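Structure file work.csv (CSV, C-alpha atoms) follows.
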```csv
chain,number,residue,atom,x,y,z
A,1,MET,CA,-14.6,17.3,18.0
A,2,ASN,CA,-13.2,19.1,15.0
A,3,ARG,CA,-16.1,20.0,12.6
A,4,ARG,CA,-16.4,21.7,9.3
A,5,GLU,CA,-19.7,23.2,8.1
A,6,ILE,CA,-21.3,21.3,5.3
A,7,VAL,CA,-24.2,21.8,2.9
A,8,LEU,CA,-27.4,20.3,4.4
A,9,GLY,CA,-28.7,17.5,2.4
A,10,SER,CA,-25.3,16.1,1.6
A,11,ILE,CA,-24.2,12.5,1.5
A,12,VAL,CA,-22.5,11.3,4.7
A,13,HIS,CA,-20.0,8.4,4.7
A,14,VAL,CA,-19.6,6.7,8.0
A,15,LEU,CA,-16.2,5.0,8.4
A,16,GLY,CA,-14.9,3.2,11.5
A,17,ALA,CA,-12.3,0.6,10.8
A,18,ARG,CA,-9.4,0.1,8.3
A,19,PRO,CA,-11.4,-2.1,5.8
A,20,ASN,CA,-14.0,0.7,5.6
A,21,PHE,CA,-11.4,3.2,4.4
A,22,VAL,CA,-10.2,1.0,1.6
A,23,LYS,CA,-13.8,0.4,0.4
A,24,ALA,CA,-14.8,4.0,0.7
A,25,ALA,CA,-11.9,5.6,-1.2
A,26,PRO,CA,-13.2,4.8,-4.8
A,27,VAL,CA,-16.8,5.6,-3.9
A,28,ILE,CA,-15.9,9.0,-2.4
A,29,GLY,CA,-13.7,9.7,-5.4
A,30,ALA,CA,-16.4,8.8,-7.9
A,31,LEU,CA,-19.0,10.9,-6.1
A,32,ARG,CA,-16.6,13.8,-6.0
A,33,ALA,CA,-16.2,13.6,-9.8
A,34,ALA,CA,-20.0,13.5,-10.1
A,35,GLY,CA,-20.3,16.8,-8.1
A,36,ALA,CA,-21.9,15.4,-5.0
A,37,ASP,CA,-21.8,17.2,-1.7
A,38,GLN,CA,-20.2,14.8,0.8
A,39,ALA,CA,-19.0,14.6,4.4
A,40,VAL,CA,-17.0,11.9,6.1
A,41,VAL,CA,-17.7,10.9,9.7
A,42,HIS,CA,-14.9,8.9,11.2
A,43,THR,CA,-16.3,7.1,14.3
A,44,GLY,CA,-12.9,6.4,15.8
A,45,GLN,CA,-13.7,2.7,16.2
A,46,HIS,CA,-10.1,2.1,15.0
A,47,TYR,CA,-8.3,5.0,16.7
A,48,ASP,CA,-4.6,4.0,16.4
A,49,GLU,CA,-2.8,6.1,13.8
A,50,ARG,CA,-1.5,2.9,12.1
A,51,MET,CA,-5.1,1.5,11.9
A,52,SER,CA,-6.8,4.7,10.6
A,53,ASP,CA,-5.1,8.0,10.0
A,54,VAL,CA,-2.4,6.5,7.7
A,55,PHE,CA,-5.1,5.1,5.5
A,56,PHE,CA,-6.5,8.6,4.8
A,57,HIS,CA,-3.1,9.9,3.8
A,58,GLU,CA,-2.2,6.9,1.6
A,59,LEU,CA,-5.6,6.6,-0.1
A,60,GLY,CA,-6.2,10.2,-0.8
A,61,LEU,CA,-9.3,10.3,1.3
A,62,PRO,CA,-10.5,13.7,2.5
A,63,GLU,CA,-9.8,14.5,6.1
A,64,PRO,CA,-12.9,13.5,8.2
A,65,ASP,CA,-15.3,16.3,8.9
A,66,VAL,CA,-15.6,14.9,12.4
A,67,ASN,CA,-13.9,12.2,14.4
A,68,LEU,CA,-16.3,10.9,17.1
A,69,GLY,CA,-13.5,9.2,19.0
A,70,VAL,CA,-15.6,6.3,20.4
A,71,GLY,CA,-12.5,4.0,20.8
A,72,SER,CA,-12.7,0.4,21.9
A,73,GLY,CA,-14.9,-1.4,24.4
A,74,SER,CA,-17.3,-4.3,24.5
A,75,HIS,CA,-19.7,-4.7,21.7
A,76,ALA,CA,-22.5,-3.2,23.8
A,77,ALA,CA,-20.5,-0.3,25.1
A,78,GLN,CA,-19.0,0.6,21.8
A,79,THR,CA,-22.3,0.3,19.9
A,80,ALA,CA,-24.1,2.4,22.6
A,81,ALA,CA,-21.5,5.1,22.2
A,82,LEU,CA,-21.8,5.0,18.5
A,83,LEU,CA,-25.6,5.3,18.6
A,84,THR,CA,-25.5,8.3,20.8
A,85,ALA,CA,-22.8,10.1,18.9
A,86,LEU,CA,-24.2,9.3,15.4
A,87,GLU,CA,-27.7,10.4,16.3
A,88,ALA,CA,-26.3,13.9,17.3
A,89,GLU,CA,-24.4,14.1,14.0
A,90,PHE,CA,-27.2,13.0,11.7
A,91,THR,CA,-29.7,15.3,13.5
A,92,ARG,CA,-27.4,18.2,13.0
A,93,ARG,CA,-26.5,17.4,9.5
A,94,SER,CA,-29.8,16.2,8.1
A,95,PRO,CA,-28.1,14.2,5.3
A,96,ALA,CA,-30.0,13.1,2.2
A,97,LEU,CA,-28.2,9.7,2.3
A,98,VAL,CA,-26.0,7.8,4.7
A,99,ILE,CA,-23.4,5.4,3.2
A,100,VAL,CA,-22.1,2.6,5.4
A,101,TYR,CA,-19.4,0.0,4.5
A,102,GLY,CA,-18.7,-3.6,5.5
A,103,ASP,CA,-19.9,-5.2,8.7
A,104,VAL,CA,-18.2,-3.5,11.7
A,105,ASN,CA,-20.1,-2.0,14.7
A,106,SER,CA,-19.9,1.5,13.1
A,107,THR,CA,-21.8,0.0,10.2
A,108,ILE,CA,-24.8,-1.3,12.0
A,109,ALA,CA,-24.9,1.7,14.4
A,110,ALA,CA,-25.1,4.2,11.6
A,111,ALA,CA,-27.7,2.2,9.7
A,112,LEU,CA,-29.9,1.9,12.8
A,113,VAL,CA,-29.7,5.6,13.7
A,114,ALA,CA,-30.3,6.7,10.1
A,115,ALA,CA,-33.3,4.3,9.7
A,116,LYS,CA,-34.9,5.7,12.9
A,117,LEU,CA,-34.4,9.2,11.7
A,118,HIS,CA,-36.0,8.3,8.3
A,119,ILE,CA,-32.7,8.9,6.4
A,120,PRO,CA,-32.1,6.4,3.6
A,121,VAL,CA,-29.1,4.1,4.0
A,122,ALA,CA,-26.8,2.7,1.3
A,123,HIS,CA,-24.8,-0.4,2.2
A,124,VAL,CA,-21.6,-1.0,0.3
A,125,GLU,CA,-20.7,-4.8,0.4
A,126,ALA,CA,-24.3,-5.9,1.0
A,127,GLY,CA,-25.4,-9.6,0.9
A,128,LEU,CA,-22.3,-11.3,2.2
A,129,ARG,CA,-23.2,-14.2,4.4
A,130,SER,CA,-21.1,-16.7,6.5
A,131,PHE,CA,-24.4,-18.2,8.0
A,132,ASP,CA,-22.5,-18.2,11.3
A,133,MET,CA,-24.4,-16.1,13.8
A,134,THR,CA,-21.7,-16.5,16.4
A,135,MET,CA,-19.7,-13.9,14.3
A,136,PRO,CA,-20.5,-10.4,15.4
A,137,GLU,CA,-19.9,-9.3,11.7
A,138,GLU,CA,-22.7,-11.7,10.5
A,139,VAL,CA,-25.2,-10.1,12.9
A,140,ASN,CA,-24.1,-6.6,11.7
A,141,ARG,CA,-24.3,-7.3,8.0
A,142,ARG,CA,-27.7,-9.0,8.1
A,143,LEU,CA,-29.4,-6.3,10.1
A,144,THR,CA,-27.7,-3.5,8.0
A,145,ASP,CA,-29.1,-5.0,4.8
A,146,GLN,CA,-32.6,-5.1,6.1
A,147,LEU,CA,-32.3,-1.4,7.0
A,148,SER,CA,-30.8,-0.3,3.7
A,149,ARG,CA,-32.6,1.4,0.7
A,150,LEU,CA,-29.6,0.7,-1.5
A,151,CYS,CA,-27.7,-2.6,-1.3
A,152,PHE,CA,-24.5,-2.7,-3.3
A,153,ALA,CA,-23.4,-6.3,-3.8
A,154,THR,CA,-19.9,-7.4,-4.7
A,155,SER,CA,-20.7,-10.8,-6.1
A,156,PRO,CA,-23.6,-12.8,-7.6
A,157,GLU,CA,-24.2,-15.0,-4.6
A,158,ALA,CA,-24.7,-11.9,-2.5
A,159,VAL,CA,-27.5,-10.9,-4.7
A,160,GLY,CA,-29.1,-14.3,-4.2
A,161,HIS,CA,-28.8,-14.1,-0.4
A,162,LEU,CA,-30.6,-10.7,-0.4
A,163,ALA,CA,-33.3,-12.1,-2.6
A,164,ARG,CA,-33.9,-15.1,-0.3
A,165,GLU,CA,-34.1,-12.7,2.7
A,166,GLY,CA,-36.9,-10.7,1.0
A,167,VAL,CA,-34.9,-7.5,0.1
A,168,PRO,CA,-36.9,-6.0,-2.9
A,169,VAL,CA,-35.0,-6.4,-6.1
A,170,GLU,CA,-35.1,-2.7,-6.9
A,171,ARG,CA,-32.9,-2.0,-3.9
A,172,VAL,CA,-30.2,-4.5,-4.9
A,173,HIS,CA,-27.3,-3.5,-7.3
A,174,LEU,CA,-24.5,-5.8,-8.4
A,175,VAL,CA,-21.6,-3.4,-8.8
A,176,GLY,CA,-18.4,-5.2,-8.1
A,177,ASN,CA,-15.9,-4.7,-5.3
A,178,PRO,CA,-14.6,-1.2,-4.4
A,179,MET,CA,-11.8,-2.8,-2.3
A,180,ILE,CA,-10.5,-4.1,-5.6
A,181,ASP,CA,-10.8,-0.7,-7.2
A,182,THR,CA,-8.4,0.6,-4.5
A,183,LEU,CA,-6.0,-2.4,-5.0
A,184,LEU,CA,-5.8,-2.0,-8.8
A,185,ALA,CA,-5.5,1.8,-8.6
A,186,HIS,CA,-2.4,1.5,-6.4
A,187,LEU,CA,-0.9,-1.7,-8.0
A,188,ASP,CA,2.3,0.0,-9.1
A,189,ARG,CA,2.9,1.3,-5.5
A,190,PHE,CA,3.1,-2.2,-4.0
A,191,ASP,CA,6.9,-2.5,-4.1
A,192,THR,CA,7.8,-5.8,-2.5
A,193,ALA,CA,11.6,-5.2,-2.6
A,194,ALA,CA,11.1,-1.9,-0.8
A,195,VAL,CA,8.9,-3.3,1.9
A,196,ARG,CA,11.4,-6.2,2.4
A,197,ALA,CA,14.2,-3.7,2.9
A,198,LYS,CA,12.2,-1.3,5.1
A,199,HIS,CA,11.1,-4.1,7.5
A,200,GLY,CA,14.1,-6.4,7.2
A,201,LEU,CA,12.0,-9.2,5.7
A,202,PRO,CA,13.6,-12.3,4.2
A,203,GLU,CA,13.4,-13.1,0.5
A,204,ARG,CA,10.9,-15.9,1.0
A,205,TYR,CA,8.3,-15.7,3.7
A,206,ALA,CA,4.7,-16.5,4.6
A,207,LEU,CA,2.5,-13.7,6.1
A,208,ALA,CA,-0.2,-14.1,8.7
A,209,THR,CA,-2.9,-11.9,10.1
A,210,MET,CA,-5.2,-13.1,12.9
A,211,HIS,CA,-7.8,-11.1,14.8
A,212,ARG,CA,-11.2,-12.9,14.7
A,213,PRO,CA,-12.7,-13.3,18.2
A,214,ALA,CA,-13.1,-17.0,17.7
A,215,ASN,CA,-9.4,-17.4,17.1
A,216,VAL,CA,-7.8,-14.9,19.5
A,217,ASP,CA,-10.1,-13.9,22.4
A,218,ALA,CA,-9.9,-17.1,24.5
A,219,PRO,CA,-6.3,-17.7,25.9
A,220,GLU,CA,-6.5,-21.4,25.3
A,221,THR,CA,-7.6,-21.0,21.7
A,222,ALA,CA,-4.9,-18.4,21.1
A,223,ALA,CA,-2.4,-20.8,22.5
A,224,ALA,CA,-3.5,-23.6,20.2
A,225,LEU,CA,-3.4,-21.2,17.2
A,226,VAL,CA,0.2,-20.1,18.1
A,227,ARG,CA,1.3,-23.8,18.2
A,228,HIS,CA,0.1,-24.2,14.6
A,229,LEU,CA,1.5,-20.9,13.5
A,230,HIS,CA,4.9,-22.1,14.9
A,231,GLY,CA,4.4,-25.2,12.7
A,232,VAL,CA,4.0,-23.0,9.7
A,233,ALA,CA,7.2,-21.1,10.8
A,234,ASP,CA,9.0,-24.4,10.7
A,235,LEU,CA,8.4,-24.4,7.0
A,236,ALA,CA,9.1,-20.8,6.1
A,237,ASP,CA,9.8,-17.5,7.9
A,238,LEU,CA,6.5,-16.2,9.1
A,239,VAL,CA,5.8,-12.4,9.2
A,240,ILE,CA,2.9,-11.3,11.4
A,241,PRO,CA,1.7,-7.7,11.6
A,242,VAL,CA,-0.2,-8.0,14.9
A,243,HIS,CA,-3.7,-6.5,15.1
A,244,PRO,CA,-4.5,-4.8,18.5
A,245,ARG,CA,-7.3,-7.3,18.9
A,246,GLY,CA,-5.7,-10.5,20.3
A,247,ARG,CA,-2.2,-9.0,20.6
A,248,ALA,CA,-1.9,-9.7,24.3
A,249,ASN,CA,-3.2,-13.2,24.1
A,250,LEU,CA,-1.1,-14.2,21.1
A,251,LEU,CA,2.1,-12.8,22.7
A,252,ALA,CA,1.3,-14.3,26.1
A,253,ALA,CA,1.0,-17.7,24.3
A,254,GLY,CA,4.6,-17.2,23.0
A,255,LEU,CA,3.9,-16.1,19.4
A,256,ASP,CA,7.3,-14.4,19.1
A,257,ASP,CA,9.2,-17.2,20.8
A,258,HIS,CA,9.9,-19.0,17.5
A,259,PRO,CA,13.1,-18.0,15.8
A,260,ARG,CA,11.5,-17.7,12.4
A,261,VAL,CA,8.5,-15.7,13.5
A,262,ARG,CA,8.8,-11.9,12.8
A,263,VAL,CA,6.2,-9.9,14.7
A,264,LEU,CA,5.5,-6.4,13.3
A,265,GLU,CA,3.3,-3.5,14.4
A,266,PRO,CA,0.3,-2.9,12.1
A,267,LEU,CA,1.3,-1.7,8.7
A,268,GLY,CA,-0.2,1.0,6.5
A,269,TYR,CA,-2.1,0.0,3.4
A,270,ILE,CA,0.7,0.4,0.9
A,271,ASP,CA,3.3,-1.5,3.0
A,272,PHE,CA,0.8,-4.2,4.0
A,273,VAL,CA,-0.4,-5.0,0.5
A,274,ALA,CA,3.2,-4.9,-0.8
A,275,ALA,CA,4.1,-7.4,1.9
A,276,VAL,CA,1.2,-9.6,0.9
A,277,ARG,CA,2.1,-9.4,-2.7
A,278,GLY,CA,5.6,-10.6,-1.9
A,279,ALA,CA,4.5,-13.5,0.3
A,280,ALA,CA,4.8,-17.1,-0.7
A,281,ALA,CA,1.5,-17.8,1.1
A,282,VAL,CA,-0.9,-16.0,3.4
A,283,VAL,CA,-2.5,-17.3,6.6
A,284,THR,CA,-5.4,-15.2,7.8
A,285,ASP,CA,-8.9,-14.9,9.3
A,286,SER,CA,-9.6,-11.6,7.5
A,287,GLY,CA,-12.3,-11.1,5.0
A,288,GLY,CA,-10.7,-8.5,2.9
A,289,LEU,CA,-7.4,-10.3,2.6
A,290,GLN,CA,-9.2,-13.2,1.0
A,291,GLU,CA,-10.2,-10.8,-1.8
A,292,GLU,CA,-6.9,-9.1,-2.2
A,293,THR,CA,-5.0,-12.4,-2.4
A,294,THR,CA,-7.5,-13.5,-5.1
A,295,ILE,CA,-6.5,-10.6,-7.3
A,296,LEU,CA,-2.7,-10.8,-6.4
A,297,GLY,CA,-2.6,-14.5,-7.1
A,298,VAL,CA,-1.1,-15.4,-3.6
A,299,PRO,CA,-2.1,-18.7,-2.0
A,300,CYS,CA,-4.4,-17.9,0.9
A,301,LEU,CA,-5.3,-20.2,3.9
A,302,THR,CA,-8.3,-18.8,5.8
A,303,VAL,CA,-8.4,-20.2,9.4
A,304,ARG,CA,-12.1,-20.3,9.7
A,305,PRO,CA,-14.9,-22.9,9.3
A,306,ASN,CA,-16.7,-20.7,6.8
A,307,THR,CA,-16.4,-17.6,4.7
A,308,GLU,CA,-18.8,-14.9,3.6
A,309,ARG,CA,-16.7,-14.6,0.4
A,310,PRO,CA,-17.0,-18.0,-1.2
A,311,ILE,CA,-16.2,-16.5,-4.6
A,312,THR,CA,-12.6,-16.2,-3.4
A,313,ILE,CA,-12.5,-20.0,-3.3
A,314,THR,CA,-14.3,-20.6,-6.7
A,315,HIS,CA,-12.6,-17.7,-8.5
A,316,GLY,CA,-9.5,-17.2,-6.4
A,317,THR,CA,-6.6,-18.6,-4.4
A,318,ASN,CA,-8.4,-19.0,-1.1
A,319,ARG,CA,-9.1,-22.2,0.9
A,320,LEU,CA,-10.6,-22.8,4.3
A,321,VAL,CA,-8.6,-24.7,6.9
A,322,GLY,CA,-9.0,-25.7,10.6
A,323,PHE,CA,-6.1,-25.6,13.1
A,324,GLU,CA,-5.2,-29.2,12.4
A,325,GLU,CA,-5.1,-28.7,8.6
A,326,LEU,CA,-3.1,-25.5,8.7
A,327,VAL,CA,0.4,-26.9,8.7
A,328,PRO,CA,-0.1,-29.6,6.0
A,329,GLU,CA,-2.0,-27.1,3.8
A,330,ALA,CA,0.7,-24.5,4.3
A,331,ARG,CA,3.3,-27.1,3.2
A,332,LYS,CA,1.3,-27.8,0.0
A,333,ALA,CA,0.9,-24.1,-0.7
A,334,LEU,CA,4.6,-23.4,-0.2
A,335,GLU,CA,5.8,-26.4,-2.2
A,336,ALA,CA,3.5,-25.4,-5.1
A,337,GLY,CA,5.5,-22.3,-5.5
A,338,GLU,CA,4.2,-18.8,-6.5
A,339,ALA,CA,0.8,-18.7,-7.9
A,340,SER,CA,0.2,-16.3,-10.8
A,341,PRO,CA,-2.8,-13.9,-11.1
A,342,ARG,CA,-5.5,-15.6,-13.1
A,343,THR,CA,-7.3,-12.7,-14.8
A,344,ASP,CA,-9.7,-15.2,-16.5
A,345,ARG,CA,-10.9,-16.4,-13.1
A,346,ARG,CA,-11.4,-13.0,-11.5
A,347,PRO,CA,-14.9,-12.6,-10.0
A,348,PRO,CA,-17.3,-10.7,-12.3
A,349,LEU,CA,-17.0,-6.9,-12.2
A,350,TRP,CA,-13.9,-7.0,-10.0
A,351,ASP,CA,-12.4,-4.7,-12.6
A,352,GLY,CA,-11.6,-1.5,-10.8
A,353,LYS,CA,-14.9,0.3,-11.7
A,354,ALA,CA,-17.1,-0.5,-8.8
A,355,GLY,CA,-16.8,3.1,-7.4
A,356,PRO,CA,-18.2,4.8,-10.5
A,357,ARG,CA,-21.0,2.2,-10.7
A,358,ILE,CA,-22.0,2.9,-7.1
A,359,ALA,CA,-21.8,6.7,-7.7
A,360,GLU,CA,-24.1,6.4,-10.8
A,361,VAL,CA,-26.8,4.6,-8.8
A,362,ILE,CA,-26.6,7.0,-5.9
A,363,MET,CA,-26.8,10.1,-8.0
A,364,GLU,CA,-29.8,8.7,-9.8
A,365,PHE,CA,-31.4,7.7,-6.5
A,366,LEU,CA,-30.9,11.2,-5.1
A,367,GLY,CA,-32.1,12.8,-8.3
A,368,ASP,CA,-35.3,10.8,-8.2
A,369,ARG,CA,-35.9,11.8,-4.5
A,370,SER,CA,-35.3,15.4,-5.3
A,371,ALA,CA,-37.7,15.3,-8.2
```

What would you get if you wrote out this structure as structure tokens?
Amino acid sequence: MNRREIVLGSIVHVLGARPNFVKAAPVIGALRAAGADQAVVHTGQHYDERMSDVFFHELGLPEPDVNLGVGSGSHAAQTAALLTALEAEFTRRSPALVIVYGDVNSTIAAALVAAKLHIPVAHVEAGLRSFDMTMPEEVNRRLTDQLSRLCFATSPEAVGHLAREGVPVERVHLVGNPMIDTLLAHLDRFDTAAVRAKHGLPERYALATMHRPANVDAPETAAALVRHLHGVADLADLVIPVHPRGRANLLAAGLDDHPRVRVLEPLGYIDFVAAVRGAAAVVTDSGGLQEETTILGVPCLTVRPNTERPITITHGTNRLVGFEELVPEARKALEAGEASPRTDRRPPLWDGKAGPRIAEVIMEFLGDRSA
């Protein structure tokens, strides 16, 4: 492990997967501007350079103070490795606050270790609920919220979920969406013509990302998904940056056998969002992509029975579809032509200022504890 010495009592950010990096960048930047002592612990949950390191470079994040290198594994094995490694880090560092992001295994592991060491936890993206306990992410986010002293919510319904679950009102803060801070801060870097040329993409295409266990882990389900993705490809060229999770099953099912399917390796943040921005439609099971397409005005078909981000449906371009609905809904989206961003329908506080709001609450919280 490569470590740098830090001031005891600092803020520790725990990051593990690519969505965490996008959410953390504006928070780290705002806390830096406020003069906070900070350290970044990268758990290595996403360990591929294309899934992690490139995000640090593109988003201006500081190099991690430590990379725990836990890698992949079953939920139990990965979480156990995270618990052990994070306990050692927190014990050594004795932070004043641990900040966790989203709903991955690194999130719940860090929250659990910090709580047992009596270190307060701040959860960025608190209160999201799919009400589907078969999703590992739903388990992670619910438990993390119960362990957190500060719950930073991205939307009004998230505040309502936390209230119904008994989280004290003084712990909950509606701050907006830091992922959108990052999107808006880099908007002029998302060059769709450049990304088309770089990756040989056609002028008109749909883009797909699929990685949820319910869609890709079982070979028979992955095969059914591939059949319907091929149906979308019958309508328009389909570009698919393939996530490591599910890659083997999707390719074994013949994902790249269709002449209009273009399978790519995972893309960095700038290239990926540029490709999304230029797409005629997006097919996904990702949570963050539902939010990004909402701001970019790109039609989004989420292949899931539920979403923890319903505001992307009421205030955005997202709609939920099952396998059988995917092709007809894709046809409608493609025939409707390009959507345009609707700034009047943007979710409240998705204005690029969530990071400073979060930093203000955190500095006040730490000041009160110090006093």

For this session: Tell me, as a VMD selection string, which residues lie within 7 Å of Leu174 of chain A, counting all atoms listed in the file; anything in the same chain fewer than 2 positions away does not count.
Result: chain A and resid 152 to 155 159 172 176

Problem set entry | Glu125 of chain A environment, 12 Å, only C-alpha atoms, sequence neighbours closer than 6 positions dropped, as a PyMOL selection string | chain A and resi 19-20+23-24+27+99-104+107+140-142+144-145+148+150-159+162+172-180+287-288+308-309+354-355+358

Exercise. Out of A:Ala214, A:Glu58, A:Val124, A:Ala223, which residue has the shortest atom-to-atom distance to Ala359 of chain A when counting all atoms listed in the file?
Worked result: A:Val124

For this session: Take atom CA of Gly246 of chain A and atom CA of Leu15 of chain A and report the distance between them in Å, one decimal.
Result: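 Atom-to-atom, atom CA of Gly246 of chain A and atom CA of Leu15 of chain A are spaced 22.2 Å apart.
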
For this session: Counting all atoms listed in the file, write as a VMD selection string all protein and nucleic acid residues lying at most 10 Å from (-29.7, 3.4, 11.6) in the file's frame.
Result: chain A and resid 83 86 to 87 90 98 100 107 to 121 143 to 144 147 to 148

Show me, as a PDB file with C-alpha atoms, keeping the file's coordinate frame, the residues that have an atom within 12 Å of Thr134 of chain A when counting only C-alpha atoms, minus same-chain residues fewer than 2 positions from it.
```pdb
ATOM      1  CA  SER A 130     -21.100 -16.700   6.500  1.00  0.00           C
ATOM      2  CA  PHE A 131     -24.400 -18.200   8.000  1.00  0.00           C
ATOM      3  CA  ASP A 132     -22.500 -18.200  11.300  1.00  0.00           C
ATOM      4  CA  PRO A 136     -20.500 -10.400  15.400  1.00  0.00           C
ATOM      5  CA  GLU A 137     -19.900  -9.300  11.700  1.00  0.00           C
ATOM      6  CA  GLU A 138     -22.700 -11.700  10.500  1.00  0.00           C
ATOM      7  CA  VAL A 139     -25.200 -10.100  12.900  1.00  0.00           C
ATOM      8  CA  ASN A 140     -24.100  -6.600  11.700  1.00  0.00           C
ATOM      9  CA  ARG A 212     -11.200 -12.900  14.700  1.00  0.00           C
ATOM     10  CA  PRO A 213     -12.700 -13.300  18.200  1.00  0.00           C
ATOM     11  CA  ALA A 214     -13.100 -17.000  17.700  1.00  0.00           C
ATOM     12  CA  PRO A 305     -14.900 -22.900   9.300  1.00  0.00           C
ATOM     13  CA  ASN A 306     -16.700 -20.700   6.800  1.00  0.00           C
TER      14      ASN A 306
END
```

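The neighbours of Ile362 of chain A here are the residues that come within 9 Å of it, using all atoms listed in the file and leaving out any residue fewer than 3 positions away in the same chain; they are A:Leu31, A:Leu97, A:Ala122, A:Leu150, A:Arg357, A:Ile358, A:Ala359, A:Phe365, A:Leu366, A:Gly367.
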
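If you look at atom CA of Thr307 of chain A and atom CA of Arg129 of chain A, they are 7.6 Å away from each other.
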
Problem set entry | Selected residue of minimal separation from Val22 of chain A among A:Ser286, A:Thr182, A:Thr221, A:Ser74, counting all atoms listed in the file |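 Ranking A:Ser286, A:Thr182, A:Thr221, A:Ser74 by distance to Val22 of chain A, first place goes to A:Thr182.
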
Exercise. Which polymer residues have any atom within 8 Å of an atom of Tyr269 of chain A, counting only C-alpha atoms, with same-chain residues fewer than 4 positions away left out, as a PyMOL selection string?
Worked result: chain A and resi 54-55+58+273

Save the residues we just selected, C-alpha atoms, as an mmCIF file, in the frame of the given file?
```cif
data_model
loop_
_atom_site.group_PDB
_atom_site.id
_atom_site.type_symbol
_atom_site.label_atom_id
_atom_site.label_comp_id
_atom_site.auth_asym_id
_atom_site.auth_seq_id
_atom_site.Cartn_x
_atom_site.Cartn_y
_atom_site.Cartn_z
ATOM 1 C CA VAL A 54 -2.400 6.500 7.700
ATOM 2 C CA PHE A 55 -5.100 5.100 5.500
ATOM 3 C CA GLU A 58 -2.200 6.900 1.600
ATOM 4 C CA VAL A 273 -0.400 -5.000 0.500
#
```

For this session: Quote the spacing between atom CA of Lys332 of chain A and atom CA of Pro259 of chain A in Å to one decimal place.
Result: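 Interatomic distance here is 22.0 Å.
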
Exercise. In terms of the shortest atom-to-atom distance over all atoms listed in the file, which of A:Ser10, A:Thr293, A:Thr84, A:Ser370 is closest to Ala96 of chain A?
Worked result: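 Under the stated criterion, the closest residue is A:Ser10.
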
Exercise. With distances taken over all atoms listed in the file, which of A:Arg92, A:His13, A:Arg319, A:Arg260 is nearest to Leu207 of chain A?
Worked result: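 Result for the nearest residue to Leu207 of chain A: A:Arg260.
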
Problem set entry | Shortest interatomic distance to Glu203 of chain A - which of A:Leu250, A:Ala76, A:Ile28, A:Ala236, counting only C-alpha atoms |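 The answer is A:Ala236, which sits nearest to Glu203 of chain A.
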
Exercise. Quick one: of A:Ile311, A:Leu238, A:Ala206, A:Ala25, who's nearest to Leu255 of chain A, counting all atoms listed in the file?
Worked result: A:Leu238

Kindly output segment 237-248 of chain A as a PDB file, keeping the file's coordinate frame, after building N, CA and C atoms.
```
ATOM      1  N   ASP A 237       9.900 -18.688   7.011  1.00  0.00           N
ATOM      2  CA  ASP A 237       9.800 -17.500   7.900  1.00  0.00           C
ATOM      3  C   ASP A 237       8.390 -16.967   7.847  1.00  0.00           C
ATOM      4  N   LEU A 238       7.882 -16.605   9.021  1.00  0.00           N
ATOM      5  CA  LEU A 238       6.500 -16.200   9.100  1.00  0.00           C
ATOM      6  C   LEU A 238       6.456 -14.736   9.639  1.00  0.00           C
ATOM      7  N   VAL A 239       5.914 -13.850   8.842  1.00  0.00           N
ATOM      8  CA  VAL A 239       5.800 -12.400   9.200  1.00  0.00           C
ATOM      9  C   VAL A 239       4.391 -12.158   9.634  1.00  0.00           C
ATOM     10  N   ILE A 240       4.237 -11.539  10.814  1.00  0.00           N
ATOM     11  CA  ILE A 240       2.900 -11.300  11.400  1.00  0.00           C
ATOM     12  C   ILE A 240       2.759  -9.883  11.866  1.00  0.00           C
ATOM     13  N   PRO A 241       2.118  -9.022  11.079  1.00  0.00           N
ATOM     14  CA  PRO A 241       1.700  -7.700  11.600  1.00  0.00           C
ATOM     15  C   PRO A 241       0.563  -7.939  12.584  1.00  0.00           C
ATOM     16  N   VAL A 242       0.760  -7.643  13.855  1.00  0.00           N
ATOM     17  CA  VAL A 242      -0.200  -8.000  14.900  1.00  0.00           C
ATOM     18  C   VAL A 242      -1.259  -6.964  15.082  1.00  0.00           C
ATOM     19  N   HIS A 243      -2.507  -7.345  14.865  1.00  0.00           N
ATOM     20  CA  HIS A 243      -3.700  -6.500  15.100  1.00  0.00           C
ATOM     21  C   HIS A 243      -3.821  -6.248  16.589  1.00  0.00           C
ATOM     22  N   PRO A 244      -4.261  -5.051  17.009  1.00  0.00           N
ATOM     23  CA  PRO A 244      -4.500  -4.800  18.500  1.00  0.00           C
ATOM     24  C   PRO A 244      -5.370  -5.842  19.114  1.00  0.00           C
ATOM     25  N   ARG A 245      -6.432  -6.279  18.383  1.00  0.00           N
ATOM     26  CA  ARG A 245      -7.300  -7.300  18.900  1.00  0.00           C
ATOM     27  C   ARG A 245      -6.524  -8.624  19.019  1.00  0.00           C
ATOM     28  N   GLY A 246      -6.395  -9.173  20.152  1.00  0.00           N
ATOM     29  CA  GLY A 246      -5.700 -10.500  20.300  1.00  0.00           C
ATOM     30  C   GLY A 246      -4.231 -10.366  20.555  1.00  0.00           C
ATOM     31  N   ARG A 247      -3.668  -9.157  20.433  1.00  0.00           N
ATOM     32  CA  ARG A 247      -2.200  -9.000  20.600  1.00  0.00           C
ATOM     33  C   ARG A 247      -1.728  -9.606  21.908  1.00  0.00           C
ATOM     34  N   ALA A 248      -2.391  -9.226  22.987  1.00  0.00           N
ATOM     35  CA  ALA A 248      -1.900  -9.700  24.300  1.00  0.00           C
ATOM     36  C   ALA A 248      -1.996 -11.177  24.446  1.00  0.00           C
TER      37      ALA A 248
END
```
